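J.: Take a look at the following structure, please.
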Number of protein chains: 2
Amino acid sequence: MSRSEGQAREVQGGYAKGEAARLRILEAALAAFGEGGFKGATTRQIAEAAGVNLPALKYYFGGKEGLYLACAEEIVARYRARMVEPILQAQAMLEALHTAEVARDALKLVIRALAEQMVETREVEAWAGFVLREMAEPGPAFDILYEQVWQPGVNIVGYMIGLAGGLRPKAAQIEALLLISSLSAFGASRPVSLKSLGWDDVEGERFAQVMANLDRRIDELA
Amino acid sequence: MSRSEGQAREVQGGYAKGEAARLRILEAALAAFGEGGFKGATTRQIAEAAGVNLPALKYYFGGKEGLYLACAEEIVARYRARMVEPILQAQAMLEALHTAEVARDALKLVIRALAEQMVETREVEAWAGFVLREMAEPGPAFDILYEQVWQPGVNIVGYMIGLAGGLRPKAAQIEALLLISSLSAFGASRPVSLKSLGWDDVEGERFAQVMANLDRRIDELA
DNA sequence: TCCAAAACATATCGAATGATATGGATCATG
DNA sequence: CATGATCCATATCATTCGATATGTTTTGGA
């Protein structure tokens, strides 16, 4: 008897080989789910992309849905890894000097970090699709993504917008939603945005141009 | 021999009964594809929701993909029906008086019309999902939606932003993308936005609050 | 070296899905 | 009312998909 019910396996021993395969599967699944959503991606396609055979998915993740949830947790982990520092820094700035101007600078920091996540690599294009899809049509991973990524993000941005200037609390919340949603232009729907702009990437000077627009918008909150 | 190759049927005679069924199928398909995307929706589910049997889909639309394309065309038609008037009005305003202030007012008109489409009904929530999904991951209907809906929308908004104030042409294009994308907060991902705001709809006073934010943003373009 | 745990592979099953063959019911019109 | 076009229903096929039963190879520690 290997492992009990259809549950996923938990790493325990010092076996390193399997962990590598686990990661390959996770990576392939992130890309596949990000593109096609839960139903759009097939287990065979993921297995092939990861260079493993079909039962490996059950072996490591218990099945398709387990793999999907594991992807959500991985996204949360990566999001946190990238956002913890800028958010801490923003909070430090605000504790040191509690003015509207500092709030705007702190907000720029956070928005820049979010934007960098959106733009970074092809890999991120996948998880942006994953998150936005799950927010649009709640699936198995909705709760974890909403509570761990979306809601905290909207809250902190809304809070800072409130401190930043002339918006009343509700208007600040709405502004936070609009601001974060506008980032999706370079997240999930980036290919289209690039086509509209006649660009073929969003790096260097081009990323700076986008950030200039976002920064200007934050300055206008004064 | 009824009709030639797997092609869809074209209405010709004065038969009215079939047209009603055709519309029921189209409506059900819009909702289903809007929620789950091309692969996420099943033909049986659509047929049942429309109150017809399975072969009816082939009979009227030639198959699943034909139905999908018909949905895209229907979306284009509805979009045009709602946007033609505000766009004509905006153009008339600009022809009468070619100033930045008028441009901002004209832009408010167009953005309001777009926002109303996003907010309107549950029905629109479906096609917003349809369009955004197709923009995120190009499928069979990408071309028609991009050329007939997305690109013209971005262009006209970008043009007006350019007229509206202090943005250089490229910055105006970027701003147009950000502005339109921010509307998706109340389009595809509306349920989440409502949850974040503690609202249960976006009507009346609440829609006015959202529009106030958007209008303020347009005023700040000066 | 030995062996149990861990990792991988082959083959196949049952359900769901898109499609369609085939025939019957309904409708508009001469 | 007869007749062909239009519309609808039953039954079934071939694929694809997720899952898993079963057995083999590899790994790392005693």
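Residue numbers start at 1 in each chain; chains themselves are named A, B, ... in the order of the structure tokens; ligands are numbered from 1 in the order shown.
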Within 9 Å of B:Val76, counting only C-alpha atoms (C1' of nucleotides), which residues show up once you throw out same-chain ones fewer than 3 positions away? Write them as an mmCIF file with all heavy atoms, in the first residue's frame, please.
T.:
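Saved file selection.cif follows:
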data_model
loop_
_atom_site.group_PDB
_atom_site.id
_atom_site.type_symbol
_atom_site.label_atom_id
_atom_site.label_comp_id
_atom_site.auth_asym_id
_atom_site.auth_seq_id
_atom_site.Cartn_x
_atom_site.Cartn_y
_atom_site.Cartn_z
ATOM 1 N N CYS B 71 -21.589 34.118 -31.882
ATOM 2 C CA CYS B 71 -21.654 34.906 -30.644
ATOM 3 C C CYS B 71 -20.785 36.155 -30.769
ATOM 4 O O CYS B 71 -21.192 37.249 -30.357
ATOM 5 C CB CYS B 71 -21.186 34.068 -29.459
ATOM 6 S SG CYS B 71 -22.376 32.851 -28.887
ATOM 7 N N ALA B 72 -19.608 35.988 -31.321
ATOM 8 C CA ALA B 72 -18.720 37.140 -31.471
ATOM 9 C C ALA B 72 -19.381 38.206 -32.345
ATOM 10 O O ALA B 72 -19.346 39.400 -32.029
ATOM 11 C CB ALA B 72 -17.386 36.698 -32.073
ATOM 12 N N GLU B 73 -20.005 37.773 -33.432
ATOM 13 C CA GLU B 73 -20.662 38.739 -34.305
ATOM 14 C C GLU B 73 -21.828 39.420 -33.598
ATOM 15 O O GLU B 73 -22.065 40.617 -33.775
ATOM 16 C CB GLU B 73 -21.134 38.049 -35.581
ATOM 17 C CG GLU B 73 -19.985 37.752 -36.535
ATOM 18 C CD GLU B 73 -20.369 36.745 -37.615
ATOM 19 O OE1 GLU B 73 -21.580 36.476 -37.771
ATOM 20 O OE2 GLU B 73 -19.458 36.226 -38.290
ATOM 21 N N TYR B 79 -22.563 45.824 -29.342
ATOM 22 C CA TYR B 79 -21.630 46.891 -28.986
ATOM 23 C C TYR B 79 -21.870 48.108 -29.874
ATOM 24 O O TYR B 79 -21.984 49.228 -29.400
ATOM 25 C CB TYR B 79 -20.207 46.378 -29.129
ATOM 26 C CG TYR B 79 -19.146 47.444 -29.062
ATOM 27 C CD1 TYR B 79 -18.707 47.942 -27.838
ATOM 28 C CD2 TYR B 79 -18.570 47.947 -30.219
ATOM 29 C CE1 TYR B 79 -17.739 48.918 -27.770
ATOM 30 C CE2 TYR B 79 -17.587 48.921 -30.164
ATOM 31 C CZ TYR B 79 -17.180 49.408 -28.937
ATOM 32 O OH TYR B 79 -16.222 50.378 -28.889
ATOM 33 N N ARG B 80 -21.961 47.847 -31.164
ATOM 34 C CA ARG B 80 -22.170 48.953 -32.102
ATOM 35 C C ARG B 80 -23.482 49.656 -31.824
ATOM 36 O O ARG B 80 -23.560 50.881 -31.802
ATOM 37 C CB ARG B 80 -22.175 48.406 -33.531
ATOM 38 C CG ARG B 80 -20.801 48.043 -34.019
ATOM 39 C CD ARG B 80 -20.701 48.366 -35.507
ATOM 40 N NE ARG B 80 -19.364 48.134 -35.985
ATOM 41 C CZ ARG B 80 -19.062 47.301 -36.972
ATOM 42 N NH1 ARG B 80 -20.024 46.605 -37.568
ATOM 43 N NH2 ARG B 80 -17.823 47.175 -37.369
ATOM 44 N N ALA B 81 -24.521 48.861 -31.600
ATOM 45 C CA ALA B 81 -25.834 49.460 -31.379
ATOM 46 C C ALA B 81 -25.800 50.431 -30.210
ATOM 47 O O ALA B 81 -26.462 51.472 -30.225
ATOM 48 C CB ALA B 81 -26.869 48.361 -31.123
ATOM 49 N N ILE B 144 -12.138 39.141 -35.137
ATOM 50 C CA ILE B 144 -13.344 39.960 -35.286
ATOM 51 C C ILE B 144 -13.537 40.868 -34.084
ATOM 52 O O ILE B 144 -13.847 42.051 -34.229
ATOM 53 C CB ILE B 144 -14.582 39.066 -35.531
ATOM 54 C CG1 ILE B 144 -15.834 39.924 -35.657
ATOM 55 C CG2 ILE B 144 -14.763 38.054 -34.444
ATOM 56 C CD1 ILE B 144 -17.051 39.129 -36.044
ATOM 57 N N LEU B 145 -13.303 40.334 -32.874
ATOM 58 C CA LEU B 145 -13.499 41.168 -31.688
ATOM 59 C C LEU B 145 -12.434 42.255 -31.598
ATOM 60 O O LEU B 145 -12.716 43.391 -31.242
ATOM 61 C CB LEU B 145 -13.469 40.303 -30.427
ATOM 62 C CG LEU B 145 -14.696 39.425 -30.222
ATOM 63 C CD1 LEU B 145 -14.564 38.595 -28.957
ATOM 64 C CD2 LEU B 145 -15.953 40.262 -30.173
ATOM 65 N N GLN B 148 -13.151 44.857 -34.530
ATOM 66 C CA GLN B 148 -14.435 45.548 -34.542
ATOM 67 C C GLN B 148 -14.773 46.210 -33.222
ATOM 68 O O GLN B 148 -15.597 47.121 -33.183
ATOM 69 C CB GLN B 148 -15.557 44.557 -34.904
ATOM 70 C CG GLN B 148 -15.300 43.730 -36.129
ATOM 71 C CD GLN B 148 -15.494 44.523 -37.400
ATOM 72 O OE1 GLN B 148 -16.219 45.499 -37.423
ATOM 73 N NE2 GLN B 148 -14.815 44.119 -38.465
ATOM 74 N N VAL B 149 -14.159 45.762 -32.133
ATOM 75 C CA VAL B 149 -14.528 46.310 -30.833
ATOM 76 C C VAL B 149 -13.335 46.942 -30.130
ATOM 77 O O VAL B 149 -13.317 48.133 -29.841
ATOM 78 C CB VAL B 149 -15.149 45.216 -29.927
ATOM 79 C CG1 VAL B 149 -15.419 45.781 -28.541
ATOM 80 C CG2 VAL B 149 -16.435 44.699 -30.543
#
J.: Name the residues in contact with D:DT24 at a cut-off of 10 Å, using only C-alpha atoms (C1' of nucleotides), excluding same-chain residues fewer than 2 positions from it; report them as a PyMOL selection string.
T.: (chain C and resi 8-10) or (chain D and resi 22+26)
J.: So that I have them on file, write out the residues from the current selection with N, CA and C atoms (P, O5', C5', C4', C3', O3' and C1' of nucleotides), as a PDB file, in the first residue's frame.
T.:
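Contents of selection-v3.pdb, freshly written:
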ATOM      1  P    DC C   8      10.194  10.719 -10.863  1.00  0.00           P
ATOM      2  O5'  DC C   8       9.724   9.501 -11.788  1.00  0.00           O
ATOM      3  C5'  DC C   8      10.713   8.631 -12.310  1.00  0.00           C
ATOM      4  C4'  DC C   8      10.050   7.426 -12.935  1.00  0.00           C
ATOM      5  C3'  DC C   8       9.142   7.725 -14.144  1.00  0.00           C
ATOM      6  O3'  DC C   8       9.726   7.139 -15.286  1.00  0.00           O
ATOM      7  C1'  DC C   8       8.234   6.060 -12.728  1.00  0.00           C
ATOM      8  P    DA C   9       9.209   7.584 -16.730  1.00  0.00           P
ATOM      9  O5'  DA C   9       8.389   6.297 -17.173  1.00  0.00           O
ATOM     10  C5'  DA C   9       9.009   5.022 -17.155  1.00  0.00           C
ATOM     11  C4'  DA C   9       7.978   3.940 -17.427  1.00  0.00           C
ATOM     12  C3'  DA C   9       7.005   4.257 -18.570  1.00  0.00           C
ATOM     13  O3'  DA C   9       7.166   3.279 -19.581  1.00  0.00           O
ATOM     14  C1'  DA C   9       5.861   3.421 -16.644  1.00  0.00           C
ATOM     15  P    DT C  10       6.403   3.361 -20.974  1.00  0.00           P
ATOM     16  O5'  DT C  10       5.252   2.264 -20.859  1.00  0.00           O
ATOM     17  C5'  DT C  10       5.513   1.059 -20.164  1.00  0.00           C
ATOM     18  C4'  DT C  10       4.284   0.163 -20.167  1.00  0.00           C
ATOM     19  C3'  DT C  10       3.331   0.351 -21.351  1.00  0.00           C
ATOM     20  O3'  DT C  10       2.916  -0.918 -21.816  1.00  0.00           O
ATOM     21  C1'  DT C  10       2.150   0.655 -19.321  1.00  0.00           C
TER      22       DT C  10
ATOM     23  P    DT D  22      -5.680  -4.359  -9.561  1.00  0.00           P
ATOM     24  O5'  DT D  22      -4.220  -4.487 -10.173  1.00  0.00           O
ATOM     25  C5'  DT D  22      -4.051  -4.462 -11.587  1.00  0.00           C
ATOM     26  C4'  DT D  22      -2.585  -4.355 -11.941  1.00  0.00           C
ATOM     27  C3'  DT D  22      -1.611  -5.036 -10.957  1.00  0.00           C
ATOM     28  O3'  DT D  22      -0.915  -6.061 -11.625  1.00  0.00           O
ATOM     29  C1'  DT D  22      -0.824  -2.905 -11.633  1.00  0.00           C
ATOM     30  P    DT D  26      16.524   1.717 -13.670  1.00  0.00           P
ATOM     31  O5'  DT D  26      16.548   2.703 -12.418  1.00  0.00           O
ATOM     32  C5'  DT D  26      15.749   3.885 -12.467  1.00  0.00           C
ATOM     33  C4'  DT D  26      15.654   4.491 -11.081  1.00  0.00           C
ATOM     34  C3'  DT D  26      16.985   4.757 -10.392  1.00  0.00           C
ATOM     35  O3'  DT D  26      17.029   6.130 -10.061  1.00  0.00           O
ATOM     36  C1'  DT D  26      15.466   3.727  -8.910  1.00  0.00           C
TER      37       DT D  26
END
J.: Counting only C-alpha atoms (C1' of nucleotides), which residues of chain D come no farther than 8 Å from chain B, as an MDAnalysis selection string?
T.: chainID D and resid 6:9
J.: At a cut-off of 10 Å, list the chain C residues touching chain B, using only C-alpha atoms (C1' of nucleotides), as JSON, numbers by chain.
T.: {"C": [16, 17, 18, 19, 20, 26, 27, 28]}
J.: Using only C-alpha atoms (C1' of nucleotides), which protein or nucleic acid residues come within 10 Å of D:DA21? Drop anything in the same chain fewer than 3 positions from it, and give the result as number ranges by chain.
T.: C: 11-13
J.: Identify all residues of stretch 9-199 of chain A in alpha helix (DSSP H) (DSSP on the backbone) and supply them as a count of residues only.
T.: 148
J.: For chain A, work out the contacting residues on chain B at 8 Å, counting only C-alpha atoms, and write them as a PyMOL selection string.
T.: chain B and resi 35-36+39-40+129+132+135-137+151+154+170-171+173-175+177-185+188-193+196-197+209-210+213+220
J.: Could you please determine the separation between atom CA of B:Val119 and atom CA of A:Ala126 in Å, to one decimal place?
T.: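 About the pair atom CA of B:Val119 and atom CA of A:Ala126: they are 27.4 Å apart.
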J.: Record the distance separating atom CA of B:Glu120 and atom CA of B:Val202, expressed in Å with one decimal.
T.: 8.6 Å
J.: Would you mind reading off the distance between atom CA of B:Ala141 and atom CA of B:Leu67, one decimal, in Å?
T.: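 Atom-to-atom, atom CA of B:Ala141 to atom CA of B:Leu67, that is 10.5 Å.
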J.: If you count only C-alpha atoms (C1' of nucleotides), which residues fall within 10 Å of C:DA21, apart from same-chain ones fewer than 6 positions away, as a compact mmCIF listing (two decimals) with C-alpha atoms (C1' of nucleotides), in the first residue's frame?
T.:
# COMPACT_ATOMS: atom_id res chain seq x y z
C1' DA D 11 -30.17 7.09 -31.21
C1' DT D 12 -25.45 6.31 -31.74
C1' DC D 13 -20.36 6.90 -33.01
J.: Could you list, as an mmCIF file with N, CA and C atoms, in the first residue's frame, every residue within 10 Å of B:Ala100, counting only C-alpha atoms (C1' of nucleotides) and ignoring same-chain residues fewer than 5 positions away?
T.:
data_model
loop_
_atom_site.group_PDB
_atom_site.id
_atom_site.type_symbol
_atom_site.label_atom_id
_atom_site.label_comp_id
_atom_site.auth_asym_id
_atom_site.auth_seq_id
_atom_site.Cartn_x
_atom_site.Cartn_y
_atom_site.Cartn_z
ATOM 1 N N LEU B 94 -16.971 67.732 -30.970
ATOM 2 C CA LEU B 94 -15.608 68.136 -31.280
ATOM 3 C C LEU B 94 -15.539 68.936 -32.576
ATOM 4 N N ASP B 105 -15.193 66.584 -22.180
ATOM 5 C CA ASP B 105 -16.619 66.294 -22.053
ATOM 6 C C ASP B 105 -17.033 65.187 -23.019
ATOM 7 N N ALA B 106 -16.522 65.259 -24.232
ATOM 8 C CA ALA B 106 -16.845 64.212 -25.206
ATOM 9 C C ALA B 106 -16.335 62.860 -24.719
ATOM 10 N N MET B 160 -9.149 61.033 -28.191
ATOM 11 C CA MET B 160 -9.771 62.083 -27.365
ATOM 12 C C MET B 160 -8.879 62.470 -26.196
ATOM 13 N N ILE B 161 -8.219 61.509 -25.603
ATOM 14 C CA ILE B 161 -7.297 61.846 -24.513
ATOM 15 C C ILE B 161 -6.194 62.756 -25.043
ATOM 16 N N GLY B 162 -5.748 62.465 -26.262
ATOM 17 C CA GLY B 162 -4.742 63.324 -26.861
ATOM 18 C C GLY B 162 -5.231 64.758 -26.994
ATOM 19 N N LEU B 163 -6.493 64.913 -27.373
ATOM 20 C CA LEU B 163 -7.047 66.255 -27.506
ATOM 21 C C LEU B 163 -7.328 66.898 -26.152
ATOM 22 N N ALA B 164 -7.469 66.040 -25.149
ATOM 23 C CA ALA B 164 -8.019 66.537 -23.883
ATOM 24 C C ALA B 164 -7.034 67.345 -23.064
ATOM 25 N N GLY B 165 -5.750 67.111 -23.280
ATOM 26 C CA GLY B 165 -4.862 67.843 -22.396
ATOM 27 C C GLY B 165 -3.406 67.541 -22.604
ATOM 28 N N GLY B 166 -2.697 67.499 -21.489
ATOM 29 C CA GLY B 166 -1.255 67.579 -21.542
ATOM 30 C C GLY B 166 -0.510 66.298 -21.827
ATOM 31 N N LEU B 221 -6.909 65.128 -16.672
ATOM 32 C CA LEU B 221 -6.069 65.080 -17.876
ATOM 33 C C LEU B 221 -5.722 66.476 -18.368
ATOM 34 N N ALA B 222 -6.397 67.456 -17.823
ATOM 35 C CA ALA B 222 -6.213 68.822 -18.326
ATOM 36 C C ALA B 222 -4.753 69.266 -18.221
#
